[in-house]
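Structure file my_file-v5.cif (mmCIF, C-alpha atoms) follows.
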data_target
loop_
_atom_site.label_atom_id
_atom_site.label_comp_id
_atom_site.auth_asym_id
_atom_site.auth_seq_id
_atom_site.Cartn_x
_atom_site.Cartn_y
_atom_site.Cartn_z
CA MET A 1 105.17 170.15 112.53
CA PHE A 2 102.91 169.39 109.60
CA ASP A 3 104.32 165.86 109.23
CA THR A 4 100.84 164.31 109.45
CA GLU A 5 99.37 166.73 106.94
CA LYS A 6 102.23 166.18 104.50
CA ALA A 7 101.90 162.40 104.74
CA THR A 8 98.12 162.60 104.25
CA ALA A 9 98.45 164.77 101.15
CA ALA A 10 101.18 162.61 99.60
CA ALA A 11 99.09 159.45 100.15
CA TRP A 12 96.06 161.08 98.50
CA PHE A 13 98.02 162.09 95.41
CA ARG A 14 99.37 158.54 95.12
CA ASP A 15 95.87 157.03 95.48
CA LEU A 16 94.49 159.37 92.81
CA ARG A 17 97.34 158.39 90.50
CA ASN A 18 96.54 154.69 91.00
CA GLU A 19 92.84 155.20 90.24
CA ILE A 20 93.51 157.17 87.05
CA VAL A 21 96.12 154.73 85.75
CA ASN A 22 93.72 151.81 86.28
CA VAL A 23 90.81 153.60 84.59
CA PHE A 24 92.92 154.62 81.58
CA GLU A 25 94.13 151.04 81.04
CA GLN A 26 90.52 149.84 81.25
CA LEU A 27 89.64 152.43 78.60
CA GLU A 28 92.35 150.99 76.37
CA ASP A 29 90.95 147.47 76.83
CA SER A 30 87.37 148.52 76.05
CA HIS A 31 88.20 150.32 72.79
CA ASP A 32 87.23 147.54 70.35
CA THR A 33 85.48 149.58 67.63
CA GLY A 34 86.64 152.49 65.50
CA PRO A 35 90.07 153.94 64.68
CA PHE A 36 93.04 152.14 66.29
CA SER A 37 90.81 149.42 67.76
CA ASP A 38 92.87 146.75 65.98
CA ALA A 39 96.04 147.79 67.84
CA GLN A 40 97.25 146.31 71.08
CA PRO A 41 95.80 148.03 74.14
CA GLY A 42 98.25 150.44 75.68
CA ARG A 43 99.89 149.92 79.04
CA PHE A 44 101.72 152.29 81.33
CA GLU A 45 105.46 151.96 81.65
CA VAL A 46 106.23 152.81 85.26
CA ASN A 47 109.61 154.05 86.45
CA GLU A 48 110.67 155.20 89.87
CA THR A 49 112.26 158.64 89.89
CA LYS A 50 114.94 159.66 92.39
CA ARG A 51 116.15 163.09 93.35
CA HIS A 52 119.34 163.90 95.25
CA SER A 53 120.64 167.04 96.88
CA ASP A 54 123.98 168.58 95.96
CA ASP A 55 125.74 166.51 98.63
CA GLY A 56 124.18 163.30 97.33
CA ALA A 57 121.59 162.93 100.09
CA ASP A 58 118.10 161.61 99.38
CA ALA A 59 115.79 164.42 98.27
CA GLY A 60 112.70 162.43 97.37
CA GLY A 61 111.26 161.20 94.09
CA GLY A 62 108.16 159.51 92.79
CA LEU A 63 106.65 157.46 90.00
CA MET A 64 106.67 158.37 86.32
CA SER A 65 103.95 156.46 84.48
CA VAL A 66 103.80 156.92 80.70
CA MET A 67 101.71 155.12 78.08
CA ARG A 68 102.73 155.51 74.43
CA GLY A 69 101.05 154.32 71.26
CA GLY A 70 97.84 152.99 72.77
CA ARG A 71 94.47 152.52 71.12
CA VAL A 72 93.00 155.67 72.72
CA PHE A 73 96.03 157.50 74.07
CA GLU A 74 98.89 158.43 71.77
CA LYS A 75 100.82 159.54 74.85
CA VAL A 76 99.66 159.99 78.41
CA GLY A 77 101.70 160.54 81.52
CA VAL A 78 100.52 160.34 85.12
CA ASN A 79 103.31 161.34 87.47
CA VAL A 80 103.33 161.56 91.24
CA SER A 81 106.19 162.83 93.35
CA THR A 82 107.20 163.93 96.82
CA VAL A 83 110.39 165.96 96.95
CA PHE A 84 112.18 167.94 99.63
CA GLY A 85 115.40 169.75 100.38
CA GLN A 86 116.58 173.32 100.08
CA LEU A 87 115.59 175.78 97.41
CA GLY A 88 118.47 177.06 95.29
CA GLU A 89 119.22 180.75 95.07
CA ARG A 90 117.21 181.31 91.89
CA ALA A 91 114.22 179.40 93.25
CA GLN A 92 114.42 181.39 96.51
CA GLN A 93 114.42 184.65 94.60
CA ALA A 94 111.50 183.57 92.43
CA MET A 95 109.52 182.43 95.48
CA ALA A 96 110.26 185.63 97.40
CA ALA A 97 109.35 187.82 94.42
CA ARG A 98 106.09 186.02 93.69
CA LYS A 99 104.87 185.39 97.24
CA GLY A 100 106.76 187.89 99.39
CA ILE A 101 107.60 185.24 101.99
CA PRO A 102 110.08 186.52 104.60
CA GLY A 103 112.87 184.28 105.81
CA MET A 104 113.35 182.23 102.65
CA THR A 105 117.04 183.13 102.44
CA GLU A 106 117.72 182.25 106.07
CA ASP A 107 115.83 178.94 105.95
CA PRO A 108 115.19 177.76 102.37
CA ARG A 109 113.87 174.31 103.23
CA PHE A 110 110.90 173.06 101.22
CA TRP A 111 108.68 170.02 100.74
CA ALA A 112 106.35 169.45 97.80
CA SER A 113 104.07 166.65 96.71
CA GLY A 114 101.60 166.31 93.89
CA ILE A 115 100.18 164.56 90.87
CA SER A 116 100.59 165.77 87.29
CA LEU A 117 98.76 164.38 84.27
CA VAL A 118 98.80 165.21 80.58
CA ALA A 119 97.01 163.16 77.91
CA HIS A 120 97.51 163.47 74.15
CA MET A 121 94.96 161.43 72.22
CA GLN A 122 95.13 159.29 69.09
CA ASN A 123 91.84 160.56 67.68
CA PRO A 124 91.86 164.30 66.87
CA HIS A 125 88.21 164.52 67.91
CA ALA A 126 89.12 163.46 71.46
CA PRO A 127 90.48 166.38 73.49
CA ALA A 128 93.88 166.56 75.09
CA VAL A 129 93.74 167.32 78.80
CA HIS A 130 95.89 168.42 81.71
CA MET A 131 95.37 167.98 85.45
CA ASN A 132 97.50 168.49 88.51
CA THR A 133 97.07 169.04 92.22
CA ARG A 134 99.86 169.71 94.68
CA MET A 135 100.83 170.83 98.16
CA PHE A 136 103.87 172.97 98.93
CA TRP A 137 105.40 173.57 102.37
CA THR A 138 108.17 175.75 103.72
CA PRO A 139 108.88 176.62 107.37
CA HIS A 140 107.37 180.02 106.60
CA ALA A 141 104.18 179.13 104.71
CA TRP A 142 102.22 176.33 103.05
CA TRP A 143 99.75 176.28 100.21
CA PHE A 144 97.91 174.17 97.64
CA GLY A 145 97.66 174.53 93.88
CA GLY A 146 96.42 172.84 90.76
CA GLY A 147 93.49 172.39 88.46
CA SER A 148 92.60 170.91 85.10
CA ASP A 149 91.99 172.30 81.64
CA LEU A 150 90.69 170.90 78.35
CA ASN A 151 92.71 171.28 75.15
CA PRO A 152 90.70 170.14 72.11
CA CYS A 153 92.08 170.75 68.64
CA ILE A 154 88.55 170.31 67.25
CA GLU A 155 86.15 172.03 69.61
CA TYR A 156 82.68 170.80 70.53
CA ASP A 157 80.56 173.18 72.56
CA GLU A 158 78.77 170.35 74.35
CA ASP A 159 82.09 168.82 75.43
CA THR A 160 83.29 172.12 76.84
CA ALA A 161 79.98 172.59 78.65
CA HIS A 162 80.18 169.12 80.23
CA PHE A 163 83.78 169.61 81.35
CA HIS A 164 83.00 172.90 83.06
CA ALA A 165 79.68 171.77 84.54
CA THR A 166 81.31 168.76 86.17
CA GLN A 167 84.01 170.89 87.73
CA LYS A 168 81.43 173.38 88.98
CA ALA A 169 79.42 170.58 90.58
CA HIS A 170 82.50 169.43 92.51
CA LEU A 171 83.45 172.94 93.63
CA ASP A 172 80.02 174.30 94.58
CA PRO A 173 79.83 172.36 97.90
CA HIS A 174 82.84 174.41 99.02
CA GLY A 175 81.06 177.68 98.29
CA PRO A 176 79.38 179.15 95.20
CA GLY A 177 82.20 181.61 94.62
CA HIS A 178 84.88 179.00 94.03
CA TYR A 179 84.01 177.90 90.49
CA PRO A 180 83.78 181.35 88.85
CA ARG A 181 86.97 182.45 90.59
CA LEU A 182 88.92 179.32 89.60
CA LYS A 183 87.56 179.42 86.06
CA GLU A 184 88.74 183.02 85.65
CA TRP A 185 92.09 182.05 87.17
CA ALA A 186 92.47 179.26 84.59
CA ASP A 187 91.58 181.60 81.74
CA GLU A 188 94.36 183.93 82.87
CA TYR A 189 96.95 181.26 83.65
CA PHE A 190 96.54 179.11 80.52
CA PHE A 191 96.83 182.08 78.18
CA ILE A 192 99.72 182.24 75.69
CA PRO A 193 100.77 185.90 75.51
CA HIS A 194 102.91 185.65 72.39
CA ARG A 195 100.02 183.96 70.52
CA LYS A 196 97.40 186.20 72.11
CA ARG A 197 95.12 183.25 72.69
CA ALA A 198 94.26 180.55 75.20
CA ARG A 199 95.83 177.14 74.76
CA GLY A 200 92.44 175.42 75.09
CA VAL A 201 88.87 175.95 76.32
CA GLY A 202 89.77 176.48 79.95
CA GLY A 203 88.92 174.74 83.17
CA ILE A 204 89.81 175.55 86.76
CA PHE A 205 93.07 176.60 88.38
CA LEU A 206 94.38 177.88 91.69
CA ASP A 207 97.81 178.50 93.12
CA ASP A 208 99.28 179.74 96.39
CA TYR A 209 95.96 178.77 98.00
CA CYS A 210 95.94 178.95 101.79
CA THR A 211 93.05 180.12 103.94
CA GLY A 212 94.82 179.02 107.12
CA ASP A 213 92.46 176.03 107.48
CA TRP A 214 94.49 173.08 106.20
CA SER A 215 91.64 170.54 106.31
CA SER A 216 89.30 172.79 104.36
CA ASP A 217 91.92 173.66 101.76
CA PHE A 218 92.90 170.02 101.36
CA ALA A 219 89.25 169.00 100.91
CA LEU A 220 88.92 171.54 98.09
CA THR A 221 92.11 170.21 96.49
CA GLN A 222 90.77 166.66 96.71
CA ASP A 223 87.56 167.63 94.93
CA ILE A 224 89.53 169.30 92.16
CA GLY A 225 91.17 165.90 91.68
CA ARG A 226 87.92 163.97 92.02
CA ALA A 227 86.30 166.09 89.31
CA PHE A 228 88.81 165.03 86.69
CA LEU A 229 87.63 161.56 85.63
CA PRO A 230 83.88 162.34 85.45
CA ALA A 231 84.68 165.55 83.54
CA PHE A 232 87.01 163.92 81.02
CA LEU A 233 86.06 160.28 80.51
CA PRO A 234 82.62 160.82 78.91
CA LEU A 235 84.24 163.04 76.29
CA VAL A 236 86.76 160.37 75.34
CA GLU A 237 84.10 157.67 75.24
CA LYS A 238 82.02 159.86 72.93
CA ARG A 239 84.83 160.86 70.52
CA ARG A 240 87.21 157.90 70.37
CA GLN A 241 85.23 156.04 67.69
CA GLN A 242 84.75 159.01 65.32
CA SER A 243 86.36 158.78 61.92
CA PHE A 244 88.91 161.42 60.95
CA ASP A 245 91.06 162.32 57.96
CA ALA A 246 94.54 163.66 57.31
CA ALA A 247 93.36 167.26 57.64
CA ASP A 248 91.99 166.53 61.12
CA LYS A 249 95.31 164.98 62.16
CA ASP A 250 97.17 167.99 60.78
CA THR A 251 94.94 170.27 62.84
CA GLN A 252 95.80 168.22 65.91
CA LEU A 253 99.56 168.40 65.32
CA ILE A 254 99.49 172.17 64.81
CA HIS A 255 97.40 172.66 67.95
CA ARG A 256 99.90 170.59 69.93
CA GLY A 257 102.50 173.20 69.09
CA LEU A 258 100.58 175.63 71.30
CA TYR A 259 100.78 173.18 74.17
CA ALA A 260 104.52 172.70 73.75
CA GLU A 261 105.16 176.44 73.55
CA TYR A 262 103.17 177.12 76.70
CA ASN A 263 104.77 174.40 78.78
CA LEU A 264 108.32 175.29 77.78
CA VAL A 265 107.96 179.07 78.08
CA TYR A 266 105.40 179.82 80.79
CA ASP A 267 104.41 176.82 82.91
CA ARG A 268 105.47 177.28 86.55
CA GLY A 269 105.56 173.56 87.25
CA THR A 270 108.01 172.94 84.42
CA LYS A 271 110.25 175.76 85.60
CA PHE A 272 110.14 174.64 89.24
CA GLY A 273 110.88 171.01 88.39
CA LEU A 274 113.92 171.88 86.32
CA GLU A 275 115.16 174.50 88.81
CA THR A 276 115.02 172.03 91.72
CA GLY A 277 116.81 169.20 89.96
CA HIS A 278 113.91 166.81 89.42
CA ASP A 279 114.17 164.15 86.70
CA PRO A 280 113.93 166.12 83.42
CA ASP A 281 112.13 163.26 81.67
CA ALA A 282 109.43 163.38 84.34
CA VAL A 283 109.23 167.18 84.21
CA LEU A 284 108.95 167.23 80.41
CA MET A 285 106.52 164.31 80.28
CA SER A 286 103.80 166.80 79.36
CA LEU A 287 105.21 167.45 75.89
CA PRO A 288 103.32 165.83 72.98
CA PRO A 289 104.89 162.93 71.09
CA LEU A 290 104.49 164.76 67.77
CA ALA A 291 103.72 168.38 66.97
CA LYS A 292 103.88 170.62 63.95
CA TRP A 293 104.66 174.28 63.26
CA VAL A 294 103.72 175.89 59.94
#

In structure tokens, what does this structure look like?
Amino acid sequence: MFDTEKATAAAWFRDLRNEIVNVFEQLEDSHDTGPFSDAQPGRFEVNETKRHSDDGADAGGGLMSVMRGGRVFEKVGVNVSTVFGQLGERAQQAMAARKGIPGMTEDPRFWASGISLVAHMQNPHAPAVHMNTRMFWTPHAWWFGGGSDLNPCIEYDEDTAHFHATQKAHLDPHGPGHYPRLKEWADEYFFIPHRKRARGVGGIFLDDYCTGDWSSDFALTQDIGRAFLPAFLPLVEKRRQQSFDAADKDTQLIHRGLYAEYNLVYDRGTKFGLETGHDPDAVLMSLPPLAKWV
């Protein structure tokens, strides 16, 4: 049961990964004016990831695609994975506590597939960004999750407005209530309690999303993914040629500390990936190449 739906979702996440990787490499090639334009265009280094169960059996894997030291991207990762197996005791307890799913102890099988992207930019005026979409299945329940949020170290109101407006335009066909709900969800989720502030300027986010209509929920998840490039690319194209100074770069490095703190302390995806034995390099791909605490 659900084999067709799982295969369809996994193929979609892989196709979205391929599109984004191609577009980002084209962006590297086209950056021929402004800071870093004299460098070699960046390229993704692609590695296959493998996951094994405790008895050594195949438990899935994926592709880890990371570009470092490009003209536009200082570090960007676009990972896709499909993993399966049995949830460990701690993961079972966390799932049962958060979702109240009965039967997890008796049958802890799971399947999960998704795409995860984090981009840290060379130019401090160009915003960092995060995006992921995913599907999770157990014999007891299934759901979707994901979203995207913008993380500029130097904020521009017009950039924030464009990012949100593009997401709203992709969500509105699914019902006018989706965007405000997912925006509020993102504001709550991407908040750093110990800093008492958001890590960026928000976006959209959902988790544990299941209306019971798989096709409808999957279509919404697809449009969350489709919104990413038109929301983000115009901002990079606008900011990548701006000049900046040492103070701007320092601002960027300090702001990246917020991102690192959030992902290591609060992010559910990071915790789940490490708890279920996924490749730690792939799980921690989201961390910035350089950061600073003062």

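Here the PyMOL selection byres ((chain A and resi 44) around 7) captures the residues Gly42, Arg43, Glu45, Val46, Ser65, Val66 and Met67 of chain A.
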
*Taking into account all atoms listed in the file, which residue in the set A:Pro127, A:Pro176, A:Gly70, A:Pro108 is nearest to A:Leu233?*
A:Pro127

Could you tell me which residues the PyMOL selection byres ((chain A and resi 203) around 6) returns for this structure, as a PDB file with C-alpha atoms, keeping the file's coordinate frame?
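Output (expr.pdb):
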ATOM      1  CA  SER A 148      92.600 170.910  85.100  1.00  0.00           C
ATOM      2  CA  ASP A 149      91.990 172.300  81.640  1.00  0.00           C
ATOM      3  CA  LYS A 183      87.560 179.420  86.060  1.00  0.00           C
ATOM      4  CA  ALA A 186      92.470 179.260  84.590  1.00  0.00           C
ATOM      5  CA  GLY A 202      89.770 176.480  79.950  1.00  0.00           C
ATOM      6  CA  ILE A 204      89.810 175.550  86.760  1.00  0.00           C
TER       7      ILE A 204
END

*asked:* Excluding stretch 18-33 of chain A and its own-chain neighbours fewer than 4 positions away, which residues fall within 9 Å of it when counting only C-alpha atoms? Please give them as an NGL selection string.
replied: :A and (13-14 or 37-38 or 40-44 or 65 or 70-73 or 78 or 229 or 233 or 237 or 240-241)

_If I take atom CA of A:Gly147 and atom CA of A:His164, how far is one from the other in Å, to one decimal?_
11.8 Å

*Selected by the PyMOL selection byres ((chain A and resi 268) around 12) in the shown coordinates: which residues, as a PyMOL selection string?*
chain A and resi 91+94-95+98+145-146+189-190+207-208+262-267+269-275+283

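Here atom CA of A:Met131 is placed at a distance of 9.4 Å from atom CA of A:Phe205.
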
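You can rank A:His178, A:Lys292, A:Lys75, A:Arg197 by their closest distance to A:Asn123 using all atoms listed in the file, and at the top of that list sits A:Lys75.
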
How big is the axis-aligned box around the listed atoms of stretch 32-37 of chain A once 6 Å is added on each side, and where is its centre? Give both in Å to one decimal, as JSON.
{"center_x": 89.3, "center_y": 150.7, "center_z": 67.5, "size_x": 19.6, "size_y": 18.4, "size_z": 17.7}

*Would you list the contacts of A:Trp142 as a list in words, taking every protein, DNA or RNA residue within 10 Å and counting only C-alpha atoms, but skipping same-chain residues closer than 3 positions in sequence?*
Phe2, Phe110, Trp111, Ala112, Met135, Phe136, Trp137, Thr138, Pro139, Asp208, Tyr209, Cys210, Thr211, Gly212 and Trp214 of chain A

_Would you pick out the contacts of A:Thr49 at 12 Å or less, using only C-alpha atoms, so that residues sharing its chain but fewer than 2 positions from it are not included, and give the list as a PyMOL selection string?_
chain A and resi 46-47+51-52+58-65+79-83+277-283

*Distance atom CA of A:Arg134-atom CA of A:Thr4, one decimal place?*
15.8 Å

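Distances to A:Phe228 were evaluated for A:Arg17, A:Arg68, A:His125, A:His255 using all atoms listed in the file, and the minimum falls at A:Arg17.
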
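Residues in contact with A:Glu261 at up to 12 Å, not including ones fewer than 6 positions away on its chain and judged by all atoms listed in the file, are Phe190, Phe191, Ile192, Pro193, His194, Arg195, Ala198, Arg199, Ile254, His255, Asp267, Thr270, Ser286, Leu287, Pro288, Ala291, Lys292 and Trp293 of chain A.
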
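Residues of protein, DNA or RNA having at least one counted atom within 6 Å of (100.5, 165.8, 83.0), given all atoms listed in the file, are Gly77, Val78, Ser116, Leu117, Val118, His130 and Ser286 of chain A.
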